[in-house]
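Asks: Below is the structure I would like to discuss, written out as structure tokens.
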Amino acid sequence: MPSVSSGVSLPIEERARILDALNNEQVRGCTKCRLHVQRKNTVFGEGALDASLMFIGEGPGETEDETGRPFVGRAGQLLTKMIAAMGLRRDQVYIANVVKCRPPGNRTPAPDEVGTCTPYLVQQILTIRPKVIVTLGLPATQYILSSTRPMRELRGNWHEWHGIKVMPTYHPSYVLRSYTPQVRGAVWSDLQKVMHELGLTSSAQQFSR
Ligand code: URA
């Protein structure tokens with residue numbers, strides 16, 4: 001793992017150089033795990049290189065595999081609305097995933113796939129050094145927190161990853177599947193804690209599908 005202090009005050013051009021090199025020289029052609037066999041495109045991540053807020057999802061779905069961009073399918077549309085409800089645009093945050101290739105049939109990435117792929121994510125986090133990370137769903141949350149506890153125990157509470165505050169919340173795909181006031185309210189409450197931490201205000205009442 002790279003030094004946890006790297007990226008602290010890197011100029012934006014240096015961040016771009018590091019992440020472009022990581023993507024072009026390592027991620028794009030990666031064959032380190034079985035997920036490369038069926039992928040159409042790797043999905044590196046995208047967003048502001050000086051973002052104070054980073055979202056981490058599980059792994060690319062079908063639309064992401066087709067386009068090479070994170071969170072652009074149905075779950076991505078909801079994530080974009082969640083970001084807007086926080087008073088932000090997508091290009092003001094950074095969005096990445098635990099694994100960079102689509103698991104066949106959108107299955108959960110296997111532990112060895114997560115272990116092989118996450119050095120790329122760690123380098124992304126250390127280069128951008130956001131103030132807050134929001135982990136979306138169980139695989140991202142359990143990986144970042146090195147925990148095996150369930151989402152209901154982890155979400156809604158502040159945690160820490162190498163000095164960066166971490167707020168776990170439900171994955172947008174889960175919100176779409178369980179579109180209840182309780183689940184949406186829980187996510188909105190988690191996002192409001194993040195807004196408070198970052199000094200953000202928004203007139204939105206919540207987000208909708
Ligand atoms: N789900 C994820 O976890 N990540 C994506 O990029 C898309 C859907």
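Identifiers in this document derive from the order of the structure tokens: chains are assigned A, B, ..., residues are numbered from 1 separately in each chain, and ligands are numbered from 1 in order of occurrence.
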Residues within 10 Å of range 197-206 of chain A, please, as a VMD selection string. Count only C-alpha atoms; anything in the same chain fewer than 3 positions from it doesn't count.
Replies: chain A and resid 52 to 53 81 to 82 84 to 88 131 to 132 165 184 to 185 187 to 189 191 to 194
Asks: Please find the residues contacting ligand 1 at a distance of at most 10 Å between atoms, with only C-alpha atoms and all ligand atoms counted, and report them as number ranges by chain.
Replies: A: 43-45, 55-65, 68-77, 79, 95-102, 106, 108, 135-140, 171-174
Asks: Have a look at A:Arg209, A:Pro130, A:Val166, A:His159 and name the one nearest to Ser178 in chain A; count only C-alpha atoms.
Replies: A:Arg209
Asks: Kindly give the distance, in Å, that separates CA of Leu22 in chain A and CA of Gln124 in chain A, rounded to a single decimal.
Replies: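 A separation of 8.7 Å between them.
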Asks: At a cut-off of 9 Å, using only C-alpha atoms, what residues contact range 11-15 of chain A? Leave out same-chain residues fewer than 6 positions from it and give the result as a list of chain:residue names.
Replies: A:Leu49, A:Asp50, A:Thr127, A:Ile128
Asks: I need the residues in range 20-203 of chain A that are helix (DSSP H, G or I) according to DSSP; give them as a ChimeraX atom specification.
Replies: /A:20-27,34-36,62-67,74-85,90-92,104-106,111-128,138-145,151-154,172-177,181-198
Asks: Which is closest to Ile144 in chain A among A:Arg129, A:Arg90, A:His162, A:Arg34, if we use only C-alpha atoms?
Replies: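 Among the listed residues, A:His162 lies closest to Ile144 in chain A.
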Asks: Of the candidates A:Cys33, A:Met151, A:Leu176, A:Ala16, which one gets nearest to Thr118 in chain A if we count only C-alpha atoms?
Replies: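 Between A:Cys33, A:Met151, A:Leu176, A:Ala16, the residue approaching Thr118 in chain A most closely is A:Cys33.
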Asks: Given only C-alpha atoms as the basis, pick out the residue of A:Ile164, A:Leu35, A:Ala21, A:Leu145 nearest to Val114 in chain A.
Replies: A:Leu35
